[in-house]
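I have placed the structure first, in the form of C-alpha cells, so that the comments after it can refer back to it.
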Amino acid sequence: MAITRLVARATPRMAMTLALGLMAAAALQAQEEPAGEADLAATARDIAQRALLVDTHVDMPYRLQEGWADVTESVPDRDFDYPRARQGGLDVPFMSIYTPAEKEEEGGAYELANLLIDSVEALAGRQPAKLAVVHSTAEVEKARSEGLMALALGMENGSPIEGEMEKLRHFHQRGIRYITLAHSLSNHISDSSYDENRQWNGLSPFGREVVAEMNRLGIMVDVSHLSDDAFYQVLEVSAAPVIASHSSARHFTPGWERNMSDDMIKALAGNGGVIMINFGSSFLTNEARMWYEAMGDARDAWLAETGHDRDGPESEGWQDAYREANPLPFAALSDLADHFDHVIELVGVQHVGIGSDFDGVGDSLPVGMKSVADYPNLVEELLRRGYGEDDIEAILGGNLMRVWRTVERYAAAQKG
C-alpha cells in the first residue's frame, strides 16, 4: 500500500522507474518462489499427458473374467477404465494375464491364459479408434502417434507354460512380453516368495532354460513374486535386463520377502533392470502389511471354528465386518513417493517405474491414488520433492521402454 502511494505521488519519470523496478522484482520473486498448489497440479497434469506413461501391471483382464464390464466406458467400481486412464495420462497399460497358482495342480492354466489374451484382443477389436494391442516398442510408438492407448501383455505366473517350451513360444507369438515366473505358490519354474515350500531352492532346472529362452525370444523376465534365491539365480542366467513388474522396497516392510531388499534393488540395477513400484498399501507401509496379517490370522481362526469355505460368501461377509470394525490404515501418497525416493537414492532414477497393481490389490490403494485417473497426483508429489521433468518422464515410462528395447535388441542379435 505504501509503495502504491509512493508511485502515485512520484513524477512521471520516477513513477515509470519505480514501476519497472517493481515488475522486475515481481518477476524475480516468481522465479524464486515455488509455484502455487494450483500451478503445481496443472503442471503435473500437463506432464502426465505429454510424457509416455507406462504401467506394467493392471489386472483388468482377470477382473473381466470374474465379472464383465465395458471398460471402454466409465466403470466406477473398477480401478481401470478407458476414460479415467486417459484422464490420468496412461498410454501403455500392461494387461496382466493372470492365472491363479492353484491351477498348476488343478490344470487349465494354459486355457485360461489364452482366454484372457482373447478378451484383451476382443476389447481392442471392438474399439479400434481407442485401443490397440501392441507387441513391440515400435508398435507402442505407432499407437501413440495415432492417438491410441497401447495395450501390452504381461503374463503373471508361468504356470501356463506347463513345462513345454513350445507353449512359451506360443505365448510369445500371442504377444506376451513379460512373464512373472511364479505367483503365490512355487511352480514348475520357480519358488515363490509367498510359499514356504522351496522345492527348487530358487529356479528349477527347467526354469533356468525358460529364462534363457525368454531372452532369446525377447520376453522380459519378471522377478516379482519370486523367492530371494530365485531372484539371484535369474540374474545369474539372464543375459538381458530383467524387471520387477509390481514390487516395492522392503526397506519399508522389513522381513517381507514379496518386496525387494536394498541389495536386490542394487543387483537389479547392476543388471540394467527396473523395479516398478506397487501401489498397494500393504506394499508401502509396515502398518498396513501388519493389518493384513492380523486380519488373515483372525479370518483363519474363524474359518477353522465355523468350517466355512475361505472363498465363500460367508467369508466375504466376515471380512467386510472385520474391516468395518478395524479400518485398514491406508498408505498416503507421500508413502508411495517415499519408495521412489528410496530406490533413486540407492541406484539412480533410471531404475524405477510404475507397476500399480490396479484392480489387483482390492480396496487397499493409497489415499490420493485410487484409480488410473490419479497418476498426476504422483507426478505432483514428485514435483513437490524437487524432481525435474526429465527425471519424471524416465519414471513414468522411459525406464521401462529402455529395458524393453534392450531385450528386443538382444533377441534380434540372437536371430541375426
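Identifiers in this document derive from the order of the C-alpha cells: chains are assigned A, B, ..., residues are numbered from 1 separately in each chain, and ligands are numbered from 1 in order of occurrence.
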
> Could you pull out all residues of segment 15-248 of chain A with a DSSP call of strand (DSSP E or B) and give them as number ranges by chain?
Replying inline: A: 54-58, 92-98, 131-133, 149-156, 176-180, 190, 192, 203, 220-222, 226, 243-247

>> Going by DSSP on the backbone, which residues of segment 26-136 of chain A come out as alpha helix (DSSP H)? List them as a ChimeraX atom specification.
In response: /A:26-32,37-50,60-66,82-88,103-106,109-126

> Could you pull the residues within 9 Å of Ala412 of chain A, counting only C-alpha atoms, minus those fewer than 5 positions along the same chain, as a PyMOL selection string?
Replying inline: chain A and resi 216-218+407

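Straight-line separation from atom CA of Glu213 of chain A to atom CA of Ile395 of chain A: 28.3 Å.
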
>> Report, in Å with one decimal, the straight-line distance from atom CA of Ala294 of chain A to atom CA of Ser282 of chain A.
In response: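 Between atom CA of Ala294 of chain A and atom CA of Ser282 of chain A the gap works out to 12.1 Å.
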
Would you pick out the contacts of segment 126-141 of chain A at 9 Å or less, using only C-alpha atoms, so that residues sharing its chain but fewer than 5 positions from it are not included, and give the list as a PDB file with C-alpha atoms, in the first residue's frame?
ATOM      1  CA  THR A  72     -14.066 -48.628 -22.688  1.00  0.00           C
ATOM      2  CA  TYR A  82     -10.559 -46.062 -20.564  1.00  0.00           C
ATOM      3  CA  ASP A  91      -0.514 -44.593 -22.587  1.00  0.00           C
ATOM      4  CA  VAL A  92       0.672 -48.185 -22.117  1.00  0.00           C
ATOM      5  CA  VAL A 120      -7.897 -58.165 -24.444  1.00  0.00           C
ATOM      6  CA  GLU A 121      -7.793 -58.629 -28.206  1.00  0.00           C
ATOM      7  CA  GLU A 146      -2.222 -42.428 -33.833  1.00  0.00           C
ATOM      8  CA  GLY A 147      -3.751 -41.341 -30.538  1.00  0.00           C
ATOM      9  CA  LEU A 148      -4.452 -44.910 -29.384  1.00  0.00           C
ATOM     10  CA  MET A 149      -3.923 -46.444 -25.968  1.00  0.00           C
ATOM     11  CA  ALA A 150      -1.443 -49.304 -26.354  1.00  0.00           C
ATOM     12  CA  LEU A 151      -2.457 -52.498 -24.546  1.00  0.00           C
ATOM     13  CA  ALA A 152       0.677 -54.559 -23.890  1.00  0.00           C
ATOM     14  CA  LEU A 153       0.530 -58.071 -22.437  1.00  0.00           C
ATOM     15  CA  HIS A 172       5.394 -65.046 -27.375  1.00  0.00           C
ATOM     16  CA  GLN A 173       3.567 -65.302 -30.704  1.00  0.00           C
ATOM     17  CA  ARG A 174       0.372 -64.171 -28.963  1.00  0.00           C
ATOM     18  CA  GLY A 175       2.151 -61.037 -27.732  1.00  0.00           C
ATOM     19  CA  ILE A 176       3.231 -61.794 -24.172  1.00  0.00           C
ATOM     20  CA  ARG A 177       6.178 -59.505 -23.465  1.00  0.00           C
ATOM     21  CA  MET A 401      10.848 -48.647 -22.512  1.00  0.00           C
ATOM     22  CA  TRP A 404      12.095 -53.408 -23.290  1.00  0.00           C
ATOM     23  CA  ARG A 405      14.155 -52.088 -26.231  1.00  0.00           C
ATOM     24  CA  GLU A 408      14.306 -56.669 -28.107  1.00  0.00           C
TER      25      GLU A 408
END

>> Give me the residues near Asp335 of chain A as number ranges by chain, where near means some atom within 12 Å (using only C-alpha atoms) and where sequence neighbours in that chain fewer than 4 positions away do not count.
In response: A: 248-249, 252-253, 277-288, 329-331, 339-342, 365-369, 378, 381-382

Resulting file, chosen residues, C-alpha atoms, as a PDB file, in the first residue's frame:
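File produced: out.pdb:
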ATOM      1  CA  SER A 248       8.126 -52.139  -3.778  1.00  0.00           C
ATOM      2  CA  ALA A 249      11.020 -51.547  -1.369  1.00  0.00           C
ATOM      3  CA  PHE A 252       9.632 -50.025   4.447  1.00  0.00           C
ATOM      4  CA  THR A 253       8.237 -53.531   5.148  1.00  0.00           C
ATOM      5  CA  ILE A 277       6.595 -49.734  -7.677  1.00  0.00           C
ATOM      6  CA  ASN A 278       3.411 -51.475  -6.471  1.00  0.00           C
ATOM      7  CA  PHE A 279       0.721 -49.102  -5.170  1.00  0.00           C
ATOM      8  CA  GLY A 280      -0.980 -51.474  -2.679  1.00  0.00           C
ATOM      9  CA  SER A 281      -0.937 -50.076   0.872  1.00  0.00           C
ATOM     10  CA  SER A 282       0.474 -53.311   2.299  1.00  0.00           C
ATOM     11  CA  PHE A 283       3.431 -52.951  -0.093  1.00  0.00           C
ATOM     12  CA  LEU A 284       4.056 -49.382   1.036  1.00  0.00           C
ATOM     13  CA  THR A 285       3.827 -49.317   4.849  1.00  0.00           C
ATOM     14  CA  ASN A 286       4.533 -51.849   7.542  1.00  0.00           C
ATOM     15  CA  GLU A 287       1.411 -50.704   9.404  1.00  0.00           C
ATOM     16  CA  ALA A 288      -0.828 -51.750   6.500  1.00  0.00           C
ATOM     17  CA  PRO A 329      -4.683 -47.898   7.706  1.00  0.00           C
ATOM     18  CA  PHE A 330      -4.350 -46.778   4.101  1.00  0.00           C
ATOM     19  CA  ALA A 331      -0.962 -45.579   2.925  1.00  0.00           C
ATOM     20  CA  HIS A 339       9.506 -45.744  -2.296  1.00  0.00           C
ATOM     21  CA  PHE A 340      10.533 -43.887  -5.436  1.00  0.00           C
ATOM     22  CA  ASP A 341      12.861 -41.695  -3.362  1.00  0.00           C
ATOM     23  CA  HIS A 342      14.414 -44.736  -1.717  1.00  0.00           C
ATOM     24  CA  LEU A 365      -4.837 -48.311  -2.705  1.00  0.00           C
ATOM     25  CA  PRO A 366      -3.313 -45.222  -1.067  1.00  0.00           C
ATOM     26  CA  VAL A 367      -5.199 -42.050  -0.343  1.00  0.00           C
ATOM     27  CA  GLY A 368      -4.879 -39.940  -3.477  1.00  0.00           C
ATOM     28  CA  MET A 369      -4.114 -42.894  -5.751  1.00  0.00           C
ATOM     29  CA  LEU A 378       2.049 -38.862  -8.041  1.00  0.00           C
ATOM     30  CA  GLU A 381       4.228 -35.145  -5.357  1.00  0.00           C
ATOM     31  CA  LEU A 382       7.438 -35.805  -7.285  1.00  0.00           C
TER      32      LEU A 382
END

> Excluding same-chain residues fewer than 3 positions from Val223 of chain A, what lies within 8 Å of it counting only C-alpha atoms, as a ChimeraX atom specification?
Replying inline: /A:180-181,226,231,234,242-245

>> Give me, as number ranges by chain, all polymer residues having an atom no more than 12 Å from Ala42 of chain A, counting only C-alpha atoms and skipping those fewer than 4 positions away in the same chain.
In response: A: 35-38, 46-49, 376-377, 379-380, 383

> Just how far from atom CA of His351 of chain A is atom CA of Tyr98 of chain A, in Å to one decimal?
Replying inline: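 Straight-line distance from atom CA of Tyr98 of chain A to atom CA of His351 of chain A works out to 24.8 Å.
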
>> Given only C-alpha atoms as the basis, pick out the residue of A:Ala373, A:Asn399, A:Ile392, A:Asp320 nearest to Pro83 of chain A.
In response: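 When distances to Pro83 of chain A are compared using only C-alpha atoms, the smallest one comes from A:Ala373.
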
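The shortest atom-to-atom distance to Pro61 of chain A, with only C-alpha atoms taken into account, belongs to A:Met155 out of A:Leu90, A:Met264, A:Met155, A:Ala101.
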